[in-house]
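For reference, target04.tsv (TSV, C-alpha atoms and all ligand atoms):
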```tsv
chain	number	residue	atom	x	y	z
Q	1	MET	CA	50.95	-46.89	9.43
Q	2	GLU	CA	49.03	-49.03	6.99
Q	3	ARG	CA	49.13	-52.80	6.92
Q	4	ILE	CA	52.55	-54.33	6.35
Q	5	TYR	CA	52.37	-57.57	4.43
Q	6	PHE	CA	55.31	-59.87	5.12
Q	7	ASP	CA	53.57	-63.15	4.29
Q	8	ASN	CA	54.24	-63.49	0.58
Q	9	ALA	CA	55.08	-67.19	0.83
Q	10	ALA	CA	51.46	-67.73	1.89
Q	11	THR	CA	50.08	-65.72	-0.99
Q	12	THR	CA	50.72	-62.56	-2.98
Q	13	GLY	CA	48.54	-59.74	-4.24
Q	14	LEU	CA	47.23	-59.92	-7.80
Q	15	ASP	CA	49.18	-57.71	-10.20
Q	16	PRO	CA	46.85	-55.18	-11.90
Q	17	GLN	CA	48.44	-56.12	-15.25
Q	18	VAL	CA	47.39	-59.70	-14.60
Q	19	LEU	CA	43.86	-58.66	-13.70
Q	20	ALA	CA	43.70	-56.66	-16.94
Q	21	VAL	CA	44.26	-59.74	-19.10
Q	22	MET	CA	41.89	-61.83	-16.99
Q	23	MET	CA	39.06	-59.29	-17.10
Q	24	PRO	CA	37.71	-60.03	-20.59
Q	25	TYR	CA	37.35	-63.72	-19.66
Q	26	LEU	CA	35.48	-62.75	-16.49
Q	27	THR	CA	33.08	-60.61	-18.49
Q	28	ASP	CA	32.44	-60.62	-22.27
Q	29	LYS	CA	34.53	-63.62	-23.32
Q	30	PHE	CA	32.75	-66.26	-21.28
Q	31	GLY	CA	32.48	-68.88	-24.03
Q	32	ASN	CA	33.12	-72.47	-23.00
Q	33	PRO	CA	36.49	-73.58	-24.43
Q	34	SER	CA	34.95	-76.95	-25.37
Q	35	SER	CA	32.19	-75.38	-27.51
Q	36	ILE	CA	32.65	-75.80	-31.23
Q	37	TYR	CA	31.52	-72.32	-32.32
Q	38	SER	CA	34.11	-69.59	-32.71
Q	39	TYR	CA	33.07	-67.83	-29.50
Q	40	GLY	CA	34.08	-70.92	-27.53
Q	41	ARG	CA	37.16	-71.45	-29.65
Q	42	GLU	CA	38.41	-68.00	-28.60
Q	43	SER	CA	38.57	-69.25	-25.02
Q	44	ARG	CA	40.33	-72.42	-26.17
Q	45	LEU	CA	42.88	-70.32	-28.03
Q	46	ALA	CA	43.50	-68.24	-24.91
Q	47	ILE	CA	44.23	-71.42	-22.94
Q	48	GLU	CA	46.53	-72.86	-25.60
Q	49	ASN	CA	48.43	-69.60	-25.94
Q	50	SER	CA	48.85	-69.54	-22.16
Q	51	ARG	CA	50.15	-73.12	-22.23
Q	52	LYS	CA	52.66	-72.25	-24.95
Q	53	SER	CA	53.89	-69.23	-23.05
Q	54	VAL	CA	54.29	-71.15	-19.78
Q	55	ALA	CA	56.06	-74.01	-21.59
Q	56	LYS	CA	58.47	-71.62	-23.27
Q	57	ILE	CA	59.36	-69.93	-19.99
Q	58	LEU	CA	60.02	-73.25	-18.26
Q	59	ASN	CA	61.75	-74.67	-21.34
Q	60	ALA	CA	59.27	-77.52	-21.60
Q	61	HIS	CA	57.01	-78.76	-24.38
Q	62	PRO	CA	53.41	-77.41	-24.33
Q	63	ALA	CA	52.17	-81.03	-24.21
Q	64	GLU	CA	53.94	-81.39	-20.86
Q	65	ILE	CA	52.00	-78.55	-19.22
Q	66	PHE	CA	48.63	-79.19	-17.53
Q	67	PHE	CA	46.57	-76.56	-15.75
Q	68	THR	CA	45.00	-77.55	-12.42
Q	69	SER	CA	43.32	-75.86	-9.46
Q	70	GLY	CA	46.65	-75.29	-7.70
Q	71	GLY	CA	49.72	-76.79	-6.13
Q	72	THR	CA	47.75	-79.15	-3.91
Q	73	GLU	CA	45.89	-80.78	-6.77
Q	74	SER	CA	49.06	-81.00	-8.87
Q	75	SER	CA	51.00	-82.81	-6.15
Q	76	ASN	CA	48.05	-85.10	-5.36
Q	77	THR	CA	47.80	-86.01	-9.04
Q	78	ALA	CA	51.50	-86.70	-9.53
Q	79	ILE	CA	52.07	-88.69	-6.34
Q	80	THR	CA	48.91	-90.74	-6.65
Q	81	ALA	CA	49.63	-91.53	-10.31
Q	82	ALA	CA	53.19	-92.59	-9.50
Q	83	VAL	CA	51.74	-95.26	-7.22
Q	84	HIS	CA	48.58	-96.20	-9.13
Q	85	ASP	CA	49.82	-95.97	-12.70
Q	86	LEU	CA	53.60	-96.13	-12.67
Q	87	GLY	CA	54.17	-99.01	-10.30
Q	88	CYS	CA	55.86	-97.18	-7.42
Q	89	VAL	CA	55.53	-99.17	-4.21
Q	90	HIS	CA	57.98	-97.15	-2.13
Q	91	ILE	CA	57.93	-93.38	-1.55
Q	92	ILE	CA	60.92	-91.46	-0.26
Q	93	THR	CA	60.08	-87.99	1.01
Q	94	SER	CA	61.16	-85.67	3.85
Q	95	PRO	CA	59.56	-84.47	7.07
Q	96	LEU	CA	59.81	-80.90	5.75
Q	97	GLU	CA	57.34	-81.22	2.87
Q	98	HIS	CA	54.13	-79.23	2.57
Q	99	HIS	CA	51.00	-81.04	3.74
Q	100	ALA	CA	49.89	-81.33	0.11
Q	101	THR	CA	52.68	-83.90	-0.18
Q	102	LEU	CA	52.85	-85.31	3.35
Q	103	HIS	CA	49.16	-86.03	3.69
Q	104	THR	CA	49.02	-87.59	0.23
Q	105	VAL	CA	51.92	-89.96	0.86
Q	106	GLU	CA	50.58	-90.81	4.34
Q	107	HIS	CA	47.19	-91.59	2.82
Q	108	LEU	CA	48.71	-93.97	0.27
Q	109	HIS	CA	50.85	-95.54	2.97
Q	110	LYS	CA	47.90	-96.05	5.34
Q	111	ARG	CA	46.00	-97.79	2.56
Q	112	GLY	CA	48.90	-100.19	2.21
Q	113	GLU	CA	49.73	-99.00	-1.30
Q	114	ALA	CA	53.28	-97.81	-0.69
Q	115	ALA	CA	56.08	-98.11	1.85
Q	116	LEU	CA	57.24	-94.75	3.16
Q	117	SER	CA	60.70	-93.46	4.10
Q	118	TYR	CA	61.81	-90.02	5.24
Q	119	VAL	CA	65.22	-88.60	4.37
Q	120	ASN	CA	67.21	-87.35	7.37
Q	121	VAL	CA	67.35	-83.61	7.88
Q	122	LEU	CA	70.64	-81.89	8.73
Q	123	PRO	CA	70.76	-79.17	11.42
Q	124	ASN	CA	70.87	-76.46	8.73
Q	125	GLY	CA	67.58	-77.71	7.30
Q	126	HIS	CA	69.12	-79.28	4.19
Q	127	LEU	CA	68.51	-82.92	3.44
Q	128	ASP	CA	71.17	-85.50	4.04
Q	129	MET	CA	71.98	-86.50	0.46
Q	130	GLU	CA	74.02	-89.50	1.59
Q	131	ASP	CA	70.99	-90.76	3.46
Q	132	LEU	CA	68.88	-90.26	0.34
Q	133	GLU	CA	71.36	-92.26	-1.70
Q	134	ARG	CA	71.48	-95.00	0.97
Q	135	LYS	CA	67.70	-95.21	0.93
Q	136	LEU	CA	67.57	-95.33	-2.86
Q	137	ALA	CA	70.27	-97.99	-3.01
Q	138	ALA	CA	68.50	-100.11	-0.37
Q	139	SER	CA	65.12	-99.83	-2.09
Q	140	GLY	CA	64.79	-102.92	-4.22
Q	141	GLU	CA	61.40	-101.78	-5.50
Q	142	LYS	CA	60.11	-99.13	-7.86
Q	143	THR	CA	60.44	-95.88	-5.93
Q	144	LEU	CA	59.03	-92.37	-6.08
Q	145	VAL	CA	61.14	-89.59	-4.60
Q	146	THR	CA	59.08	-86.53	-3.71
Q	147	LEU	CA	61.10	-83.61	-2.36
Q	148	MET	CA	60.27	-79.93	-2.50
Q	149	HIS	CA	62.45	-77.44	-4.37
Q	150	ALA	CA	62.20	-74.61	-1.84
Q	151	ASN	CA	60.79	-75.02	1.62
Q	152	ASN	CA	57.90	-72.63	2.23
Q	153	GLU	CA	58.73	-72.13	5.91
Q	154	ILE	CA	62.51	-71.85	6.07
Q	155	GLY	CA	63.37	-71.18	2.41
Q	156	ASN	CA	66.00	-73.94	2.07
Q	157	MET	CA	66.50	-75.02	-1.51
Q	158	LEU	CA	67.05	-78.53	-2.78
Q	159	ASP	CA	69.70	-79.22	-5.37
Q	160	ILE	CA	67.06	-80.45	-7.79
Q	161	HIS	CA	69.67	-81.52	-10.38
Q	162	SER	CA	71.65	-83.69	-7.96
Q	163	VAL	CA	68.50	-85.33	-6.63
Q	164	GLY	CA	67.26	-85.89	-10.20
Q	165	GLU	CA	70.58	-87.51	-11.15
Q	166	LEU	CA	70.45	-89.79	-8.12
Q	167	CYS	CA	66.91	-90.80	-9.03
Q	168	LYS	CA	68.05	-91.54	-12.56
Q	169	LEU	CA	70.90	-93.65	-11.28
Q	170	TYR	CA	68.56	-95.80	-9.17
Q	171	GLY	CA	65.66	-95.83	-11.65
Q	172	ALA	CA	63.37	-93.86	-9.35
Q	173	LEU	CA	60.68	-91.39	-10.36
Q	174	PHE	CA	61.13	-87.82	-9.13
Q	175	HIS	CA	58.39	-85.35	-8.22
Q	176	SER	CA	59.31	-81.94	-6.87
Q	177	ASP	CA	56.88	-79.51	-5.24
Q	178	THR	CA	58.12	-76.33	-6.88
Q	179	VAL	CA	55.23	-74.15	-5.71
Q	180	GLN	CA	57.58	-71.69	-4.01
Q	181	THR	CA	59.96	-71.48	-6.97
Q	182	VAL	CA	57.83	-71.35	-10.14
Q	183	GLY	CA	57.74	-67.59	-10.76
Q	184	HIS	CA	60.80	-67.09	-8.54
Q	185	PHE	CA	63.48	-69.18	-10.21
Q	186	PRO	CA	64.70	-69.66	-13.80
Q	187	PHE	CA	63.65	-73.20	-14.72
Q	188	ASP	CA	65.09	-75.14	-17.63
Q	189	LEU	CA	63.00	-78.30	-17.55
Q	190	ARG	CA	64.42	-79.81	-20.70
Q	191	ASN	CA	67.73	-80.04	-18.87
Q	192	THR	CA	66.38	-80.95	-15.44
Q	193	PRO	CA	66.00	-84.65	-14.60
Q	194	VAL	CA	62.53	-84.47	-13.05
Q	195	HIS	CA	59.28	-86.26	-13.92
Q	196	PHE	CA	56.75	-83.94	-12.26
Q	197	ILE	CA	56.83	-80.38	-10.97
Q	198	THR	CA	54.04	-78.17	-9.65
Q	199	GLY	CA	53.21	-74.47	-9.59
Q	200	SER	CA	50.60	-72.17	-8.09
Q	201	GLY	CA	49.52	-68.82	-9.56
Q	202	HIS	CA	48.95	-67.00	-6.30
Q	203	LYS	CA	52.58	-67.30	-5.20
Q	204	PHE	CA	53.82	-64.87	-7.87
Q	205	HIS	CA	51.12	-62.19	-8.13
Q	206	GLY	CA	48.77	-64.33	-10.19
Q	207	PRO	CA	45.29	-65.55	-9.27
Q	208	LYS	CA	44.40	-68.12	-6.63
Q	209	GLY	CA	42.86	-71.45	-7.57
Q	210	VAL	CA	44.99	-72.11	-10.62
Q	211	GLY	CA	48.11	-74.20	-10.82
Q	212	LEU	CA	50.42	-76.10	-13.02
Q	213	LEU	CA	51.44	-79.71	-13.30
Q	214	TYR	CA	54.41	-80.48	-15.51
Q	215	ILE	CA	54.52	-84.11	-16.57
Q	216	ASN	CA	57.61	-85.14	-18.46
Q	217	GLU	CA	56.78	-86.34	-21.96
Q	218	ASN	CA	58.15	-89.82	-21.25
Q	219	VAL	CA	55.60	-90.39	-18.50
Q	220	ARG	CA	51.98	-91.50	-19.10
Q	221	ILE	CA	49.50	-91.31	-16.25
Q	222	ASN	CA	45.75	-91.42	-15.68
Q	223	PRO	CA	43.85	-88.37	-14.43
Q	224	LEU	CA	43.04	-87.84	-10.75
Q	225	ILE	CA	39.76	-86.10	-11.60
Q	226	HIS	CA	37.47	-87.95	-13.99
Q	227	GLY	CA	34.88	-86.45	-16.29
Q	228	GLY	CA	35.19	-84.50	-19.52
Q	229	SER	CA	38.12	-84.55	-21.87
Q	230	GLN	CA	39.61	-81.20	-20.89
Q	231	GLU	CA	43.39	-80.84	-20.62
Q	232	ARG	CA	43.82	-83.67	-23.11
Q	233	ASN	CA	41.91	-86.08	-20.87
Q	234	MET	CA	44.24	-85.37	-17.97
Q	235	ARG	CA	42.15	-83.01	-15.86
Q	236	ALA	CA	38.38	-83.04	-16.28
Q	237	GLY	CA	36.19	-80.01	-15.61
Q	238	THR	CA	35.47	-76.80	-17.50
Q	239	GLU	CA	38.71	-74.87	-17.57
Q	240	ASN	CA	39.38	-71.89	-15.32
Q	241	VAL	CA	40.00	-69.74	-18.39
Q	242	TYR	CA	40.60	-66.41	-16.63
Q	243	GLY	CA	42.77	-68.18	-14.05
Q	244	ILE	CA	44.87	-69.86	-16.71
Q	245	VAL	CA	45.28	-66.62	-18.68
Q	246	GLY	CA	46.22	-64.87	-15.42
Q	247	PHE	CA	48.69	-67.61	-14.46
Q	248	ALA	CA	50.53	-67.26	-17.76
Q	249	ARG	CA	50.63	-63.46	-17.62
Q	250	ALA	CA	51.86	-63.47	-14.02
Q	251	LEU	CA	54.62	-65.92	-14.96
Q	252	GLU	CA	55.61	-63.78	-17.96
Q	253	LEU	CA	55.83	-60.66	-15.76
Q	254	ALA	CA	57.74	-62.49	-13.01
Q	255	THR	CA	60.19	-63.89	-15.56
Q	256	ALA	CA	60.78	-60.54	-17.27
Q	257	ALA	CA	61.59	-58.88	-13.94
Q	258	TYR	CA	63.35	-61.83	-12.29
Q	259	GLU	CA	66.91	-60.43	-12.18
Q	260	GLN	CA	65.84	-57.10	-10.78
Q	261	ASP	CA	63.13	-58.33	-8.39
Q	262	SER	CA	65.10	-61.23	-6.96
Q	263	ALA	CA	68.10	-58.99	-6.23
Q	264	TYR	CA	65.86	-56.39	-4.59
Q	265	ILE	CA	63.96	-58.92	-2.46
Q	266	LYS	CA	67.17	-60.67	-1.43
Q	267	GLY	CA	68.45	-57.27	-0.29
Q	268	LEU	CA	65.36	-56.87	1.90
Q	269	LYS	CA	65.86	-60.28	3.48
Q	270	ILE	CA	69.51	-59.59	4.29
Q	271	TYR	CA	68.65	-56.14	5.61
Q	272	MET	CA	66.07	-57.62	7.97
Q	273	MET	CA	68.54	-60.20	9.20
Q	274	GLU	CA	71.09	-57.48	9.90
Q	275	GLN	CA	68.63	-55.23	11.68
Q	276	LEU	CA	67.29	-58.05	13.83
Q	277	LYS	CA	70.79	-59.15	14.82
Q	278	ARG	CA	71.78	-55.57	15.60
Q	279	GLN	CA	68.69	-54.57	17.53
Q	280	LEU	CA	67.39	-57.67	19.29
Q	281	LYS	CA	69.12	-60.05	21.66
Q	282	GLY	CA	68.92	-63.80	21.20
Q	283	VAL	CA	67.45	-63.97	17.70
Q	284	SER	CA	68.43	-66.84	15.47
Q	285	PHE	CA	67.57	-67.82	11.91
Q	286	ASN	CA	66.30	-71.19	10.83
Q	287	GLY	CA	67.60	-73.06	7.82
Q	288	ASP	CA	70.42	-71.71	5.70
Q	289	PRO	CA	69.27	-68.14	4.98
Q	290	LEU	CA	72.54	-66.92	3.47
Q	291	GLY	CA	73.33	-70.20	1.71
Q	292	ARG	CA	71.18	-72.34	-0.60
Q	293	SER	CA	67.98	-70.48	0.22
Q	294	LEU	CA	65.07	-68.84	-1.53
Q	295	TYR	CA	65.42	-65.05	-1.42
Q	296	THR	CA	61.81	-64.48	-0.37
Q	297	VAL	CA	61.72	-66.36	2.95
Q	298	LEU	CA	63.24	-65.56	6.36
Q	299	SER	CA	62.47	-67.75	9.36
Q	300	VAL	CA	63.34	-66.12	12.67
Q	301	SER	CA	63.33	-67.59	16.17
Q	302	PHE	CA	62.95	-65.23	19.10
Q	303	PRO	CA	63.57	-66.03	22.77
Q	304	LYS	CA	60.33	-67.15	24.40
Q	305	THR	CA	59.10	-64.75	27.06
Q	306	GLU	CA	55.64	-64.10	28.45
Q	307	ARG	CA	55.27	-61.35	25.89
Q	308	SER	CA	56.84	-63.04	22.90
Q	309	GLU	CA	54.51	-66.02	23.21
Q	310	MET	CA	51.81	-63.74	21.85
Q	311	LEU	CA	54.04	-62.50	19.05
Q	312	LEU	CA	51.89	-63.28	16.02
Q	313	PHE	CA	48.85	-61.91	17.76
Q	314	ASN	CA	50.69	-58.71	18.71
Q	315	LEU	CA	52.06	-58.31	15.19
Q	316	ASP	CA	48.51	-58.59	13.91
Q	317	ILE	CA	47.33	-55.88	16.32
Q	318	HIS	CA	49.96	-53.65	14.73
Q	319	HIS	CA	48.72	-54.55	11.23
Q	320	ILE	CA	51.78	-56.65	10.47
Q	321	CYS	CA	51.06	-59.86	8.56
Q	322	ALA	CA	53.53	-62.69	9.17
Q	323	SER	CA	53.04	-66.32	10.02
Q	324	GLY	CA	54.16	-69.06	12.37
Q	325	GLY	CA	54.43	-71.63	9.64
Q	326	SER	CA	52.70	-72.32	6.37
Q	327	ALA	CA	49.36	-70.57	5.92
Q	328	CYS	CA	47.49	-73.85	6.22
Q	329	THR	CA	48.98	-74.62	9.63
Q	330	SER	CA	49.25	-71.12	11.09
Q	331	GLY	CA	45.98	-71.59	12.95
Q	332	ALA	CA	46.82	-75.05	14.22
Q	333	GLU	CA	47.80	-75.67	17.81
Q	334	HIS	CA	50.60	-78.08	17.13
Q	335	GLY	CA	52.96	-75.51	15.67
Q	336	SER	CA	54.92	-76.11	12.54
Q	337	HIS	CA	56.13	-79.59	11.63
Q	338	VAL	CA	58.98	-77.99	9.70
Q	339	ILE	CA	60.25	-75.93	12.62
Q	340	ARG	CA	59.91	-78.95	14.89
Q	341	ALA	CA	62.11	-80.94	12.50
Q	342	VAL	CA	64.87	-78.33	12.25
Q	343	ASN	CA	64.77	-76.45	15.54
Q	344	ASN	CA	62.84	-78.11	18.30
Q	345	ASN	CA	63.66	-75.54	20.95
Q	346	PRO	CA	60.74	-75.02	23.32
Q	347	ASN	CA	62.27	-71.77	24.55
Q	348	GLN	CA	61.88	-70.04	21.21
Q	349	VAL	CA	59.04	-68.56	19.21
Q	350	THR	CA	59.35	-68.75	15.44
Q	351	VAL	CA	57.97	-66.33	12.87
Q	352	ARG	CA	58.25	-66.54	9.10
Q	353	PHE	CA	58.65	-63.25	7.28
Q	354	SER	CA	58.37	-63.51	3.51
Q	355	PHE	CA	58.85	-60.66	1.10
Q	356	SER	CA	57.77	-59.40	-2.30
Q	357	LYS	CA	58.87	-56.62	-4.63
Q	358	HIS	CA	56.27	-54.38	-2.98
Q	359	ASN	CA	58.01	-54.40	0.42
Q	360	THR	CA	60.50	-51.74	1.52
Q	361	ARG	CA	63.31	-51.19	4.00
Q	362	GLN	CA	61.11	-48.64	5.76
Q	363	GLU	CA	58.61	-51.39	6.45
Q	364	ILE	CA	61.39	-53.57	7.85
Q	365	ASP	CA	62.54	-50.72	10.12
Q	366	HIS	CA	58.99	-50.33	11.37
Q	367	VAL	CA	58.53	-54.08	12.00
Q	368	VAL	CA	61.90	-54.42	13.76
Q	369	GLY	CA	60.98	-51.43	15.93
Q	370	LYS	CA	57.69	-53.08	16.87
Q	371	LEU	CA	59.39	-56.43	17.51
Q	372	LYS	CA	61.71	-54.69	19.99
Q	373	GLU	CA	58.67	-53.63	21.97
Q	374	MET	CA	57.10	-57.09	21.81
Q	375	ILE	CA	59.97	-59.35	22.88
I	1	LIG	N1	53.35	-76.56	-1.72
I	1	LIG	C1	53.94	-75.51	-1.14
I	1	LIG	C2	55.41	-75.55	-0.90
I	1	LIG	C3	53.21	-74.38	-0.81
I	1	LIG	O1	53.81	-73.35	-0.22
I	1	LIG	C4	51.82	-74.36	-1.08
I	1	LIG	C5	51.07	-73.16	-0.70
I	1	LIG	O2	49.98	-73.07	-0.33
I	1	LIG	C6	51.23	-75.49	-1.70
I	1	LIG	C7	52.04	-76.57	-2.00
I	1	LIG	C8	49.78	-75.56	-2.04
I	1	LIG	O3	49.49	-74.80	-3.17
I	1	LIG	P1	48.01	-74.31	-3.45
I	1	LIG	O4	47.67	-73.28	-2.44
I	1	LIG	O5	48.04	-73.75	-4.84
I	1	LIG	O6	47.12	-75.52	-3.38
```
Whole structure given in structure tokens:
Amino acid sequence: MERIYFDNAATTGLDPQVLAVMMPYLTDKFGNPSSIYSYGRESRLAIENSRKSVAKILNAHPAEIFFTSGGTESSNTAITAAVHDLGCVHIITSPLEHHATLHTVEHLHKRGEAALSYVNVLPNGHLDMEDLERKLAASGEKTLVTLMHANNEIGNMLDIHSVGELCKLYGALFHSDTVQTVGHFPFDLRNTPVHFITGSGHKFHGPKGVGLLYINENVRINPLIHGGSQERNMRAGTENVYGIVGFARALELATAAYEQDSAYIKGLKIYMMEQLKRQLKGVSFNGDPLGRSLYTVLSVSFPKTERSEMLLFNLDIHHICASGGSACTSGAEHGSHVIRAVNNNPNQVTVRFSFSKHNTRQEIDHVVGKLKEMI
């Protein structure tokens, strides 16, 4: 059997239709978008058309959309600006955030620029909203709340509207890492009380190294990266034209097929849960997989045995790609900070399976069969 790729929360394959629209900008149409001659202006037009398309899909204004190098840069920009430019001296986040958020807030905290609080996590991996409200009410200072929309390891989804309303009530700024949901969720930003959201092309069959930062029109910040006047002085550096064009096309395709693809992928996730429960003893699922959860992610804990300790390694030998946590931590010795926060059971081994429209039930049958041999 060929490789089975169940790690779509880490990254996804580029859609050939996306590559097709990128190709001219990788070859003939290499003009610099900042050049004044028409050959450069063609590249500029491609970027602005991409911005319009992305804005329309997210129901935002084109002036609120900035292209970056990815989710990490977008979150760094938003969080740092909230502290440096918007007067936030207290950050409320959660222990379940991606390192793009956690390491940024820890950095600001270590430099003495912001106090830091973590919202309590409930056993099902959702955040304790009462604790969030308590922390907001007790914070007498300008506060930034940064909480992710869907967790990349367990799939739990935040009620972004409720959190946004709470932030409004207490005058806090709200940034949400939406890297796992842009391209997988129907956004309506004009009716969502959020100041910043982020996106990353490679999570929905677009290119790597290109991302999105939405900055609500009522917010004015300084750039994180200084230099030229690209992205209306918000993000210096010659634009990643083919990446931006690819990002927009990938988002258009994902949006057009959302109903069908999300239902199909959710079916795969549920099927895998059923098969695992039926065929393997002692499996459990982290988070709230059948509740408020992203349809692409399934986090499974297996009983720890001498054999299962080598699970990821053995899956790899059988050409099955899955991960222990987020891609950036899968090689680390400490295990996943997310799994530690929701299920700190030393007698279990946790694997994240994450699906795309290219996966099939036959692949799940094959993987479950192999898992039976490995546990
Ligand atoms: N936030 C989350 C939730 C992610 O899953 C990722 C994935 O890598 C990132 C941020 C970082 O995005 P990027 O790889 O585009 O920097």
Using all atoms listed in the file, find each protein or nucleic acid residue lying at most 10 Å from ligand LIG 1 (chain I); present the set as a ChimeraX atom specification. /Q:8-11,68-76,96-101,147-153,155,176-181,198-203,207-212,326-328
Mind dumping a table of every segment 83-129 of chain Q residue within 10 Å of segment 216-226 of chain Q, with the nearest atom pair and its distance in Å to one decimal, using all atoms listed in the file, sorted by chain and rising number, as JSON lines?
```
{"residue": "Q:His84", "atom": "CA", "partner": "Q:Asn222", "partner_atom": "CA", "distance": 8.6}
{"residue": "Q:Asp85", "atom": "CA", "partner": "Q:Ile221", "partner_atom": "CA", "distance": 5.9}
{"residue": "Q:Leu86", "atom": "CA", "partner": "Q:Ile221", "partner_atom": "CA", "distance": 7.3}
```
Write out as an mmCIF file with C-alpha atoms, keeping the file's coordinate frame which residues come within 8 Å of His184 of chain Q when counting only C-alpha atoms, dropping same-chain ones fewer than 6 positions away.
```cif
data_model
loop_
_atom_site.group_PDB
_atom_site.id
_atom_site.type_symbol
_atom_site.label_atom_id
_atom_site.label_comp_id
_atom_site.auth_asym_id
_atom_site.auth_seq_id
_atom_site.Cartn_x
_atom_site.Cartn_y
_atom_site.Cartn_z
ATOM 1 C CA PHE Q 204 53.820 -64.870 -7.870
ATOM 2 C CA ALA Q 254 57.740 -62.490 -13.010
ATOM 3 C CA THR Q 255 60.190 -63.890 -15.560
ATOM 4 C CA TYR Q 258 63.350 -61.830 -12.290
ATOM 5 C CA SER Q 262 65.100 -61.230 -6.960
#
```
Mind dumping a table of every segment 287-358 of chain Q residue within 10 Å of segment 272-278 of chain Q, with the nearest atom pair and its distance in Å to one decimal, using all atoms listed in the file, sorted by chain and rising number, as CSV?
```
residue,atom,partner,partner_atom,distance
Q:Pro289,CA,Q:Met273,CA,9.0
Q:Leu290,CA,Q:Met273,CA,9.7
Q:Leu298,CA,Q:Met273,CA,8.1
Q:Ser299,CA,Q:Met273,CA,9.7
Q:Val300,CA,Q:Met273,CA,8.6
Q:Phe302,CA,Q:Leu276,CA,9.9
Q:Phe353,CA,Q:Met272,CA,9.3
```
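Each of Q:Ile215, Q:Ala341, Q:Ile197, Q:Cys167 was checked against Glu133 of chain Q using only C-alpha atoms; the smallest atom-to-atom distance is that of Q:Cys167.
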Of the listed residues Q:Tyr214, Q:Tyr271, Q:Phe247, Q:Phe6, that which approaches Leu58 of chain Q most closely, counting all atoms listed in the file: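 Checking each of Q:Tyr214, Q:Tyr271, Q:Phe247, Q:Phe6 against Leu58 of chain Q, counting all atoms listed in the file, the winner is Q:Tyr214.
Taking atom CA of Pro346 of chain Q and atom CA of Glu130 of chain Q as the two end points, the separation is 29.3 Å.
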Residues near Phe187 of chain Q, cut-off 10 Å, only C-alpha atoms, skip fewer than 2 positions along chain, as a PyMOL selection string: chain Q and resi 57-60+181-185+189-192+255
May I have the protein, DNA and RNA residues with any atom at most 10 Å from the point (38.1, -68.9, -23.0), counting all atoms listed in the file, written as a list in words?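 The distance filter leaves exactly Pro24, Tyr25, Leu26, Lys29, Phe30, Gly31, Asn32, Pro33, Ser34, Ser35, Tyr39, Gly40, Arg41, Glu42, Ser43, Arg44, Leu45, Ala46, Ile47, Glu48, Thr238, Glu239, Asn240, Val241, Tyr242, Ile244 and Val245 of chain Q.
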With C-alpha atoms retained, write the just-selected residues as a PDB file, in the coordinates of the input.
```pdb
ATOM      1  CA  PRO Q  24      37.710 -60.030 -20.590  1.00  0.00           C
ATOM      2  CA  TYR Q  25      37.350 -63.720 -19.660  1.00  0.00           C
ATOM      3  CA  LEU Q  26      35.480 -62.750 -16.490  1.00  0.00           C
ATOM      4  CA  LYS Q  29      34.530 -63.620 -23.320  1.00  0.00           C
ATOM      5  CA  PHE Q  30      32.750 -66.260 -21.280  1.00  0.00           C
ATOM      6  CA  GLY Q  31      32.480 -68.880 -24.030  1.00  0.00           C
ATOM      7  CA  ASN Q  32      33.120 -72.470 -23.000  1.00  0.00           C
ATOM      8  CA  PRO Q  33      36.490 -73.580 -24.430  1.00  0.00           C
ATOM      9  CA  SER Q  34      34.950 -76.950 -25.370  1.00  0.00           C
ATOM     10  CA  SER Q  35      32.190 -75.380 -27.510  1.00  0.00           C
ATOM     11  CA  TYR Q  39      33.070 -67.830 -29.500  1.00  0.00           C
ATOM     12  CA  GLY Q  40      34.080 -70.920 -27.530  1.00  0.00           C
ATOM     13  CA  ARG Q  41      37.160 -71.450 -29.650  1.00  0.00           C
ATOM     14  CA  GLU Q  42      38.410 -68.000 -28.600  1.00  0.00           C
ATOM     15  CA  SER Q  43      38.570 -69.250 -25.020  1.00  0.00           C
ATOM     16  CA  ARG Q  44      40.330 -72.420 -26.170  1.00  0.00           C
ATOM     17  CA  LEU Q  45      42.880 -70.320 -28.030  1.00  0.00           C
ATOM     18  CA  ALA Q  46      43.500 -68.240 -24.910  1.00  0.00           C
ATOM     19  CA  ILE Q  47      44.230 -71.420 -22.940  1.00  0.00           C
ATOM     20  CA  GLU Q  48      46.530 -72.860 -25.600  1.00  0.00           C
ATOM     21  CA  THR Q 238      35.470 -76.800 -17.500  1.00  0.00           C
ATOM     22  CA  GLU Q 239      38.710 -74.870 -17.570  1.00  0.00           C
ATOM     23  CA  ASN Q 240      39.380 -71.890 -15.320  1.00  0.00           C
ATOM     24  CA  VAL Q 241      40.000 -69.740 -18.390  1.00  0.00           C
ATOM     25  CA  TYR Q 242      40.600 -66.410 -16.630  1.00  0.00           C
ATOM     26  CA  ILE Q 244      44.870 -69.860 -16.710  1.00  0.00           C
ATOM     27  CA  VAL Q 245      45.280 -66.620 -18.680  1.00  0.00           C
TER      28      VAL Q 245
END
```
Using all atoms listed in the file: which of Q:Phe67, Q:Tyr37, Q:Phe285, Q:Tyr5 has the shortest distance to Met234 of chain Q: Q:Phe67
From Q:Leu19, Q:Met374, Q:Val368, Q:Val145, residue lying nearest Leu311 of chain Q [only C-alpha atoms]: Q:Met374
Which one is closest to Met129 of chain Q: Q:Met157, Q:Ile4, Q:Ala55, Q:Val163? Count all atoms listed in the file.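 With all atoms listed in the file as the atom set, the closest residue is Q:Val163.
Considering the residues Q:Leu371, Q:Val194, Q:Leu315, Q:Ile364 and counting all atoms listed in the file, Lys269 of chain Q has its shortest atom-to-atom contact with Q:Ile364.
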